[in-house]
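Data file: query-v2.txt. Format and content: compact mmCIF, C-alpha atoms and all ligand atoms.
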```
# COMPACT_ATOMS: atom_id res chain seq x y z
CA MET A 1 19.31 7.07 53.93
CA GLY A 2 20.46 3.52 54.46
CA LEU A 3 23.13 1.76 52.48
CA VAL A 4 20.65 -0.65 50.90
CA ILE A 5 18.54 2.22 49.57
CA ARG A 6 21.66 3.98 48.33
CA ASN A 7 22.75 0.89 46.44
CA LEU A 8 19.26 0.27 45.12
CA LEU A 9 19.13 3.86 43.84
CA ALA A 10 22.43 3.35 42.05
CA LEU A 11 21.07 0.15 40.56
CA GLN A 12 17.86 1.88 39.53
CA GLU A 13 19.80 4.59 37.74
CA VAL A 14 21.57 2.00 35.62
CA ASP A 15 18.34 0.07 35.04
CA LEU A 16 16.50 3.20 33.89
CA GLN A 17 19.32 4.03 31.49
CA MET A 18 19.20 0.49 30.10
CA LEU A 19 15.43 0.74 29.75
CA SER A 20 15.69 3.90 27.68
CA LEU A 21 18.49 2.42 25.56
CA GLU A 22 16.33 -0.60 24.88
CA GLU A 23 13.41 1.63 23.92
CA GLU A 24 15.66 3.58 21.59
CA ARG A 25 16.85 0.38 19.96
CA ALA A 26 13.26 -0.89 19.55
CA LYS A 27 12.23 2.41 17.95
CA LEU A 28 15.10 2.27 15.46
CA ILE A 29 14.23 -1.27 14.50
CA GLU A 30 10.56 -0.38 14.18
CA SER A 31 11.23 2.59 11.92
CA ILE A 32 13.34 0.44 9.62
CA GLU A 33 10.55 -2.13 9.50
CA LEU A 34 8.01 0.54 8.63
CA GLN A 35 10.18 1.88 5.83
CA THR A 36 10.78 -1.60 4.50
CA ALA A 37 7.02 -2.17 4.41
CA GLU A 38 6.60 1.13 2.53
CA VAL A 39 9.14 0.02 -0.09
CA GLU A 40 7.32 -3.29 -0.46
CA ARG A 41 4.01 -1.47 -1.01
CA GLU A 42 5.65 0.72 -3.65
CA ARG A 43 7.15 -2.34 -5.33
CA ALA A 44 3.73 -4.02 -5.44
CA GLU A 45 2.28 -0.89 -7.03
CA VAL A 46 4.94 -0.94 -9.75
CA VAL A 47 4.14 -4.59 -10.50
CA GLU A 48 0.43 -3.80 -10.65
CA ARG A 49 0.99 -0.84 -12.97
CA GLU A 50 3.22 -2.91 -15.25
CA ALA A 51 0.44 -5.47 -15.58
CA ARG A 52 -2.10 -2.73 -16.32
CA LEU A 53 0.13 -1.26 -19.01
CA LYS A 54 0.52 -4.67 -20.58
CA ARG A 55 -3.27 -5.08 -20.65
CA ILE A 56 -3.71 -1.69 -22.33
CA LYS A 57 -1.15 -2.63 -24.98
CA VAL A 58 -3.02 -5.85 -25.69
CA GLU A 59 -6.29 -3.91 -25.94
CA ILE A 60 -4.69 -1.44 -28.37
CA LYS A 61 -3.50 -4.30 -30.56
CA SER A 62 -6.99 -5.73 -30.71
CA SER A 63 -8.53 -2.30 -31.35
CA GLU A 64 -6.09 -1.79 -34.21
CA ALA A 65 -7.06 -5.13 -35.69
CA GLU A 66 -10.73 -4.21 -35.35
CA LEU A 67 -10.10 -0.86 -37.01
CA ALA A 68 -8.44 -2.55 -39.96
CA GLU A 69 -11.36 -4.95 -40.17
CA THR A 70 -14.07 -2.25 -40.13
CA GLY A 71 -12.04 -0.27 -42.70
CA GLU A 72 -11.97 -3.39 -44.84
CA HIS A 73 -15.77 -3.67 -44.57
CA VAL A 74 -16.25 -0.08 -45.69
CA ARG A 75 -14.00 -0.63 -48.70
CA LYS A 76 -15.68 -3.94 -49.52
CA PHE A 77 -19.19 -2.39 -49.53
CA GLU A 78 -18.01 0.61 -51.51
CA GLY A 79 -16.46 -1.75 -54.08
CA GLN A 80 -19.70 -3.67 -54.33
CA GLN A 81 -21.74 -0.50 -54.73
CA VAL A 82 -19.96 0.33 -57.98
CA LEU A 83 -21.10 -2.97 -59.46
CA VAL A 84 -24.78 -3.04 -58.44
CA LYS A 85 -27.53 -2.84 -61.06
CA THR A 86 -30.63 -1.84 -59.09
CA ASN A 87 -31.48 1.16 -57.03
CA GLN A 88 -32.70 -1.09 -54.24
CA GLU A 89 -29.33 -2.90 -54.03
CA TYR A 90 -27.57 0.43 -54.10
CA LYS A 91 -29.63 1.72 -51.20
CA ALA A 92 -29.08 -1.48 -49.20
CA LEU A 93 -25.32 -1.09 -49.63
CA ASP A 94 -25.58 2.57 -48.66
CA LYS A 95 -27.02 1.42 -45.35
CA GLU A 96 -24.23 -1.17 -44.91
CA ILE A 97 -21.60 1.46 -45.66
CA TYR A 98 -23.18 3.91 -43.25
CA GLU A 99 -23.21 1.30 -40.45
CA ALA A 100 -19.68 0.10 -41.17
CA LYS A 101 -18.42 3.69 -41.05
CA ALA A 102 -20.21 4.29 -37.76
CA ARG A 103 -18.57 1.16 -36.32
CA ARG A 104 -15.20 2.27 -37.62
CA ALA A 105 -15.65 5.69 -35.98
CA GLN A 106 -16.54 4.00 -32.70
CA VAL A 107 -13.46 1.80 -32.82
CA GLU A 108 -11.33 4.84 -33.68
CA ASP A 109 -12.64 6.73 -30.65
CA ALA A 110 -12.00 3.77 -28.41
CA LEU A 111 -8.50 3.42 -29.82
CA LEU A 112 -7.72 7.09 -29.24
CA GLU A 113 -8.93 6.82 -25.67
CA LYS A 114 -6.71 3.79 -25.10
CA MET A 115 -3.72 5.60 -26.61
CA GLU A 116 -4.27 8.44 -24.15
CA GLN A 117 -4.58 5.94 -21.35
CA LEU A 118 -1.34 4.32 -22.48
CA GLU A 119 0.43 7.65 -22.33
CA GLU A 120 -0.92 8.45 -18.87
CA GLU A 121 -0.18 5.01 -17.49
CA THR A 122 3.34 5.02 -18.94
CA GLU A 123 4.04 8.31 -17.18
CA ALA A 124 2.47 7.07 -13.93
CA LEU A 125 4.60 3.94 -14.07
CA ARG A 126 7.73 5.99 -14.72
CA GLN A 127 6.99 8.15 -11.66
CA CYS A 128 6.15 5.13 -9.56
CA ARG A 129 9.43 3.43 -10.53
CA GLN A 130 11.34 6.59 -9.70
CA LYS A 131 9.66 6.81 -6.30
CA LEU A 132 10.53 3.19 -5.65
CA ASP A 133 14.17 3.78 -6.62
CA ASN A 134 14.34 6.80 -4.31
CA GLU A 135 12.80 4.86 -1.48
CA ILE A 136 15.13 1.93 -1.97
CA SER A 137 18.22 4.14 -1.88
CA GLY A 138 16.80 6.08 1.10
CA LEU A 139 16.18 2.84 2.91
CA GLU A 140 19.67 1.55 2.16
CA ARG A 141 21.17 4.77 3.46
CA GLU A 142 19.08 4.81 6.61
CA THR A 143 19.37 1.11 7.27
CA GLY A 144 23.14 1.47 7.20
CA GLY A 145 22.99 4.37 9.67
CA ALA A 146 20.44 2.69 11.89
CA ASP A 147 22.39 -0.58 11.96
CA GLU A 148 25.40 1.34 13.18
CA GLN A 149 23.28 3.12 15.81
CA VAL A 150 21.76 -0.17 16.98
CA ARG A 151 25.25 -1.64 17.27
CA ARG A 152 26.40 1.31 19.40
CA ILE A 153 23.33 1.08 21.62
CA GLU A 154 23.94 -2.61 22.12
CA GLU A 155 27.51 -1.88 23.20
CA GLN A 156 26.19 0.64 25.71
CA ILE A 157 23.66 -1.87 26.99
CA ALA A 158 26.43 -4.43 27.46
CA ASP A 159 28.47 -1.88 29.45
CA HIS A 160 25.47 -1.06 31.61
CA ARG A 161 24.87 -4.74 32.21
CA LYS A 162 28.39 -5.13 33.61
CA LYS A 163 27.96 -2.09 35.82
CA ARG A 164 24.61 -3.40 36.97
CA ALA A 165 26.07 -6.78 37.94
CA GLU A 166 28.70 -5.02 40.05
CA ILE A 167 26.12 -2.94 41.92
CA ALA A 168 23.71 -5.85 42.29
CA SER A 169 26.44 -7.94 43.91
CA THR A 170 26.56 -5.45 46.79
CA ILE A 171 22.83 -5.82 47.58
CA GLU A 172 21.32 -8.63 49.61
CA ARG A 173 19.13 -11.15 47.85
CA VAL A 174 15.80 -10.23 49.51
CA PRO A 175 15.77 -6.48 48.84
CA LEU A 176 17.33 -7.09 45.43
CA SER A 177 14.62 -9.48 44.29
CA LEU A 178 11.89 -7.23 45.75
CA TYR A 179 13.34 -4.30 43.80
CA GLU A 180 13.61 -6.35 40.61
CA ARG A 181 10.04 -7.57 40.87
CA ILE A 182 8.70 -4.01 41.30
CA PHE A 183 10.88 -2.67 38.48
CA ARG A 184 9.58 -5.39 36.17
CA ASN A 185 5.94 -4.77 37.11
CA LYS A 186 6.21 -1.00 36.79
CA LYS A 187 8.43 -1.17 33.73
CA GLY A 188 10.33 1.63 35.42
CA ALA A 189 11.28 3.16 38.77
CA ALA A 190 10.88 0.78 41.71
CA LEU A 191 11.90 3.33 44.33
CA ALA A 192 9.95 6.45 45.15
CA PRO A 193 11.08 9.39 47.26
CA LEU A 194 8.82 10.56 50.04
CA VAL A 195 8.28 14.31 49.80
CA ASN A 196 5.94 16.15 52.17
CA ARG A 197 4.72 12.75 53.28
CA ALA A 198 3.58 11.93 49.73
CA CYS A 199 4.94 9.03 47.72
CA GLN A 200 6.38 10.52 44.54
CA GLY A 201 5.64 7.33 42.64
CA CYS A 202 1.85 7.64 42.91
CA HIS A 203 1.56 11.07 44.57
CA LEU A 204 -0.63 9.78 47.37
CA SER A 205 0.02 10.55 51.03
CA VAL A 206 1.36 7.80 53.21
CA PRO A 207 0.46 7.36 56.91
CA ALA A 208 2.53 9.51 59.27
CA GLY A 209 4.04 6.42 60.85
CA VAL A 210 5.70 5.39 57.62
CA GLU A 211 7.80 8.50 57.45
CA SER A 212 8.99 8.24 61.03
CA VAL A 213 9.93 4.59 60.54
CA LEU A 214 11.94 5.57 57.47
CA ARG A 215 13.69 8.35 59.32
CA ARG A 216 14.47 6.29 62.41
CA HIS A 217 15.36 2.97 60.79
CA ALA A 218 17.12 3.84 57.59
CA SER A 219 17.88 0.21 56.82
CA ASN A 220 14.21 -0.81 56.81
CA ILE A 221 12.56 -1.53 53.50
CA VAL A 222 9.11 0.06 53.45
CA THR A 223 6.87 -0.04 50.41
CA CYS A 224 4.05 2.32 49.44
CA GLU A 225 0.67 0.81 50.31
CA ASN A 226 -0.78 2.22 47.14
CA CYS A 227 1.78 1.68 44.36
CA SER A 228 4.09 -0.83 46.13
CA ARG A 229 7.25 1.09 45.32
CA ILE A 230 10.08 1.10 47.85
CA LEU A 231 9.94 4.38 49.75
CA TYR A 232 12.91 6.44 50.84
CA VAL A 233 13.54 9.89 52.30
CA PRO A 234 15.72 11.89 49.92
CA GLU A 235 19.11 13.15 51.24
CA GLN A 236 18.24 16.86 51.55
CA GLU A 237 15.01 16.07 53.44
CA ASP A 238 16.82 13.52 55.55
CA ALA A 239 19.25 16.19 56.75
CA GLU A 240 16.53 18.58 57.89
ZN ZN A 301 3.15 5.17 45.90
```

Could you express the structure from this file as structure tokens?
Amino acid sequence: MGLVIRNLLALQEVDLQMLSLEEERAKLIESIELQTAEVERERAEVVEREARLKRIKVEIKSSEAELAETGEHVRKFEGQQVLVKTNQEYKALDKEIYEAKARRAQVEDALLEKMEQLEEETEALRQCRQKLDNEISGLERETGGADEQVRRIEEQIADHRKKRAEIASTIERVPLSLYERIFRNKKGAALAPLVNRACQGCHLSVPAGVESVLRRHASNIVTCENCSRILYVPEQEDAE
């Protein structure tokens, strides 16, 4: 194994570590964003439920007014009935009283239903508020922890960056930029070991000539025809 490959492998190790640190950081940030969105949804639900409760209270007020009004009608007709002279008038008022009572019963039913609704909605709102409070405190707790984790990961990334610069400075420009281009394209390993004449990057066999070139001219840079990764013969195989 040539020196260039050795240095590129060292560089790749650092780059792969940085890649996974960056993924870890992205995941942390994403999970915080998801939780924040969840809290916002919960908050919107509380607002919606508060508005609904307010509407029910308004409806109850108007039902109560209506109940008082229909009750007033019943009393008014009953009062009139005492004073009537003819049977016909009496019967007419009977009908009015009957209808007013029916209306009053309807309004009463509706009012009862709304009272029940009020009770249910009040409880639902209470639970919803509690859930929101729990989520907010959970989020605060986790955000604090995640912020600290992100900060630590960023420190590690900065350390790796320094180490990377040191290694990169030992590699010539041409192989270095070839390596960097492949690493960027693959979003991962740019070097692939050759095992049993198969590229371990794409698992396809390479022509026999490739292996002998690699074994004889260790300083040559040879890429896989299929996946374009830089091929190398691993140490243990090299020694055989
Ligand atoms: Zn390959």

Need the shell around Leu231 (chain A): protein/DNA/RNA residues with any atom at most 6 Å away, counting all atoms listed in the file. Skip same-chain ones fewer than 2 positions apart. Format as a compact mmCIF listing (two decimals) with C-alpha atoms, keeping the file's coordinate frame?
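File produced: part28.txt:
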```
# COMPACT_ATOMS: atom_id res chain seq x y z
CA LEU A 191 11.90 3.33 44.33
CA ALA A 192 9.95 6.45 45.15
CA PRO A 193 11.08 9.39 47.26
CA VAL A 222 9.11 0.06 53.45
CA THR A 223 6.87 -0.04 50.41
```

How many Å separate CA of Glu155 (chain A) from CA of Ser137 (chain A)?
->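 Computed distance, CA of Glu155 (chain A) to CA of Ser137 (chain A), equals 27.4 Å.
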
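Considering the residues A:Leu111, A:Leu118, A:Ile230, A:Leu132 and counting only C-alpha atoms and all ligand atoms, ligand ZN 301 (chain A) has its shortest atom-to-atom contact with A:Ile230.
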
note - CA of Ile221 (chain A) and CA of Lys162 (chain A) are separated by 25.7 Å

Residues within 8 Å of ligand ZN 301 (chain A) (only C-alpha atoms and all ligand atoms), as a PyMOL selection string?
-> chain A and resi 192+198-204+206+223-229+231

Spatial neighbours of Glu108 (chain A), max dist 10 Å, all atoms listed in the file, sep filter under 2 positions, as an mmCIF file with C-alpha atoms, in the coordinates of the input:
```
data_model
loop_
_atom_site.group_PDB
_atom_site.id
_atom_site.type_symbol
_atom_site.label_atom_id
_atom_site.label_comp_id
_atom_site.auth_asym_id
_atom_site.auth_seq_id
_atom_site.Cartn_x
_atom_site.Cartn_y
_atom_site.Cartn_z
ATOM 1 C CA SER A 63 -8.530 -2.300 -31.350
ATOM 2 C CA GLU A 64 -6.090 -1.790 -34.210
ATOM 3 C CA GLU A 66 -10.730 -4.210 -35.350
ATOM 4 C CA LEU A 67 -10.100 -0.860 -37.010
ATOM 5 C CA THR A 70 -14.070 -2.250 -40.130
ATOM 6 C CA ALA A 102 -20.210 4.290 -37.760
ATOM 7 C CA ARG A 103 -18.570 1.160 -36.320
ATOM 8 C CA ARG A 104 -15.200 2.270 -37.620
ATOM 9 C CA ALA A 105 -15.650 5.690 -35.980
ATOM 10 C CA GLN A 106 -16.540 4.000 -32.700
ATOM 11 C CA ALA A 110 -12.000 3.770 -28.410
ATOM 12 C CA LEU A 111 -8.500 3.420 -29.820
ATOM 13 C CA LEU A 112 -7.720 7.090 -29.240
ATOM 14 C CA GLU A 113 -8.930 6.820 -25.670
ATOM 15 C CA LYS A 114 -6.710 3.790 -25.100
#
```

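Residue nearest Val107 (chain A) within the list A:Arg184, A:Lys61, A:Arg49, A:Arg215: A:Lys61 [criterion: smallest interatomic distance, only C-alpha atoms].
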
Counting only C-alpha atoms, the residue of A:Ala189, A:Ile136, A:Cys128, A:Leu214 that sits nearest Val46 (chain A) =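 Checking each of A:Ala189, A:Ile136, A:Cys128, A:Leu214 against Val46 (chain A), counting only C-alpha atoms, the winner is A:Cys128.
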
Could you please determine the separation between CA of Glu142 (chain A) and CA of Ser20 (chain A) in Å, to one decimal place?
-> 21.4 Å

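Of the residues listed (A:Thr143, A:Ser62, A:Gln12, A:Asn196), A:Asn196 shows the shortest atom-to-atom separation from Pro234 (chain A); distances use only C-alpha atoms.
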
Reconstructed region 163-191 of chain A, atom set N, CA and C atoms, as a PDB file, in the coordinates of the input:
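Below is the file selection_38.pdb, written as the result:
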```
ATOM      1  N   LYS A 163      28.036  -3.003  34.682  1.00  0.00           N
ATOM      2  CA  LYS A 163      27.960  -2.090  35.820  1.00  0.00           C
ATOM      3  C   LYS A 163      26.850  -2.546  36.768  1.00  0.00           C
ATOM      4  N   ARG A 164      25.754  -2.960  36.181  1.00  0.00           N
ATOM      5  CA  ARG A 164      24.610  -3.400  36.970  1.00  0.00           C
ATOM      6  C   ARG A 164      24.977  -4.610  37.827  1.00  0.00           C
ATOM      7  N   ALA A 165      25.683  -5.565  37.208  1.00  0.00           N
ATOM      8  CA  ALA A 165      26.070  -6.780  37.940  1.00  0.00           C
ATOM      9  C   ALA A 165      26.931  -6.420  39.148  1.00  0.00           C
ATOM     10  N   GLU A 166      27.826  -5.447  38.944  1.00  0.00           N
ATOM     11  CA  GLU A 166      28.700  -5.020  40.050  1.00  0.00           C
ATOM     12  C   GLU A 166      27.867  -4.452  41.202  1.00  0.00           C
ATOM     13  N   ILE A 167      26.940  -3.557  40.863  1.00  0.00           N
ATOM     14  CA  ILE A 167      26.120  -2.940  41.920  1.00  0.00           C
ATOM     15  C   ILE A 167      25.232  -3.994  42.583  1.00  0.00           C
ATOM     16  N   ALA A 168      24.624  -4.837  41.748  1.00  0.00           N
ATOM     17  CA  ALA A 168      23.710  -5.850  42.290  1.00  0.00           C
ATOM     18  C   ALA A 168      24.411  -6.771  43.274  1.00  0.00           C
ATOM     19  N   SER A 169      25.707  -7.028  43.030  1.00  0.00           N
ATOM     20  CA  SER A 169      26.440  -7.940  43.910  1.00  0.00           C
ATOM     21  C   SER A 169      26.614  -7.369  45.318  1.00  0.00           C
ATOM     22  N   THR A 170      26.399  -6.054  45.464  1.00  0.00           N
ATOM     23  CA  THR A 170      26.560  -5.450  46.790  1.00  0.00           C
ATOM     24  C   THR A 170      25.235  -5.425  47.569  1.00  0.00           C
ATOM     25  N   ILE A 171      24.153  -5.888  46.926  1.00  0.00           N
ATOM     26  CA  ILE A 171      22.830  -5.820  47.580  1.00  0.00           C
ATOM     27  C   ILE A 171      22.371  -7.231  47.965  1.00  0.00           C
ATOM     28  N   GLU A 172      21.794  -7.318  49.153  1.00  0.00           N
ATOM     29  CA  GLU A 172      21.320  -8.630  49.610  1.00  0.00           C
ATOM     30  C   GLU A 172      20.199  -9.150  48.733  1.00  0.00           C
ATOM     31  N   ARG A 173      20.071 -10.476  48.748  1.00  0.00           N
ATOM     32  CA  ARG A 173      19.130 -11.150  47.850  1.00  0.00           C
ATOM     33  C   ARG A 173      17.678 -10.668  48.020  1.00  0.00           C
ATOM     34  N   VAL A 174      17.219 -10.560  49.278  1.00  0.00           N
ATOM     35  CA  VAL A 174      15.800 -10.230  49.510  1.00  0.00           C
ATOM     36  C   VAL A 174      15.429  -8.826  48.977  1.00  0.00           C
ATOM     37  N   PRO A 175      16.138  -7.786  49.417  1.00  0.00           N
ATOM     38  CA  PRO A 175      15.770  -6.480  48.840  1.00  0.00           C
ATOM     39  C   PRO A 175      15.999  -6.413  47.334  1.00  0.00           C
ATOM     40  N   LEU A 176      17.034  -7.109  46.867  1.00  0.00           N
ATOM     41  CA  LEU A 176      17.330  -7.090  45.430  1.00  0.00           C
ATOM     42  C   LEU A 176      16.173  -7.698  44.629  1.00  0.00           C
ATOM     43  N   SER A 177      15.682  -8.854  45.090  1.00  0.00           N
ATOM     44  CA  SER A 177      14.620  -9.480  44.290  1.00  0.00           C
ATOM     45  C   SER A 177      13.312  -8.711  44.425  1.00  0.00           C
ATOM     46  N   LEU A 178      13.087  -8.078  45.601  1.00  0.00           N
ATOM     47  CA  LEU A 178      11.890  -7.230  45.750  1.00  0.00           C
ATOM     48  C   LEU A 178      11.972  -6.075  44.742  1.00  0.00           C
ATOM     49  N   TYR A 179      13.124  -5.422  44.733  1.00  0.00           N
ATOM     50  CA  TYR A 179      13.340  -4.300  43.800  1.00  0.00           C
ATOM     51  C   TYR A 179      13.113  -4.759  42.351  1.00  0.00           C
ATOM     52  N   GLU A 180      13.704  -5.887  42.002  1.00  0.00           N
ATOM     53  CA  GLU A 180      13.610  -6.350  40.610  1.00  0.00           C
ATOM     54  C   GLU A 180      12.172  -6.668  40.209  1.00  0.00           C
ATOM     55  N   ARG A 181      11.434  -7.236  41.165  1.00  0.00           N
ATOM     56  CA  ARG A 181      10.040  -7.570  40.870  1.00  0.00           C
ATOM     57  C   ARG A 181       9.241  -6.275  40.608  1.00  0.00           C
ATOM     58  N   ILE A 182       9.448  -5.271  41.478  1.00  0.00           N
ATOM     59  CA  ILE A 182       8.700  -4.010  41.300  1.00  0.00           C
ATOM     60  C   ILE A 182       9.098  -3.335  39.988  1.00  0.00           C
ATOM     61  N   PHE A 183      10.412  -3.324  39.710  1.00  0.00           N
ATOM     62  CA  PHE A 183      10.880  -2.670  38.480  1.00  0.00           C
ATOM     63  C   PHE A 183      10.245  -3.331  37.251  1.00  0.00           C
ATOM     64  N   ARG A 184      10.176  -4.651  37.289  1.00  0.00           N
ATOM     65  CA  ARG A 184       9.580  -5.390  36.170  1.00  0.00           C
ATOM     66  C   ARG A 184       8.098  -5.037  36.013  1.00  0.00           C
ATOM     67  N   ASN A 185       7.387  -5.067  37.149  1.00  0.00           N
ATOM     68  CA  ASN A 185       5.940  -4.770  37.110  1.00  0.00           C
ATOM     69  C   ASN A 185       5.653  -3.358  36.639  1.00  0.00           C
ATOM     70  N   LYS A 186       6.459  -2.412  37.133  1.00  0.00           N
ATOM     71  CA  LYS A 186       6.210  -1.000  36.790  1.00  0.00           C
ATOM     72  C   LYS A 186       6.811  -0.629  35.449  1.00  0.00           C
ATOM     73  N   LYS A 187       7.655  -1.496  34.935  1.00  0.00           N
ATOM     74  CA  LYS A 187       8.430  -1.170  33.730  1.00  0.00           C
ATOM     75  C   LYS A 187       9.122   0.172  33.921  1.00  0.00           C
ATOM     76  N   GLY A 188       9.653   0.370  35.095  1.00  0.00           N
ATOM     77  CA  GLY A 188      10.330   1.630  35.420  1.00  0.00           C
ATOM     78  C   GLY A 188      10.613   1.695  36.915  1.00  0.00           C
ATOM     79  N   ALA A 189      10.825   2.936  37.396  1.00  0.00           N
ATOM     80  CA  ALA A 189      11.280   3.160  38.770  1.00  0.00           C
ATOM     81  C   ALA A 189      10.578   2.276  39.814  1.00  0.00           C
ATOM     82  N   ALA A 190      11.408   1.632  40.650  1.00  0.00           N
ATOM     83  CA  ALA A 190      10.880   0.780  41.710  1.00  0.00           C
ATOM     84  C   ALA A 190      10.986   1.478  43.056  1.00  0.00           C
ATOM     85  N   LEU A 191      11.769   2.567  43.096  1.00  0.00           N
ATOM     86  CA  LEU A 191      11.900   3.330  44.330  1.00  0.00           C
ATOM     87  C   LEU A 191      11.222   4.674  44.142  1.00  0.00           C
TER      88      LEU A 191
END
```
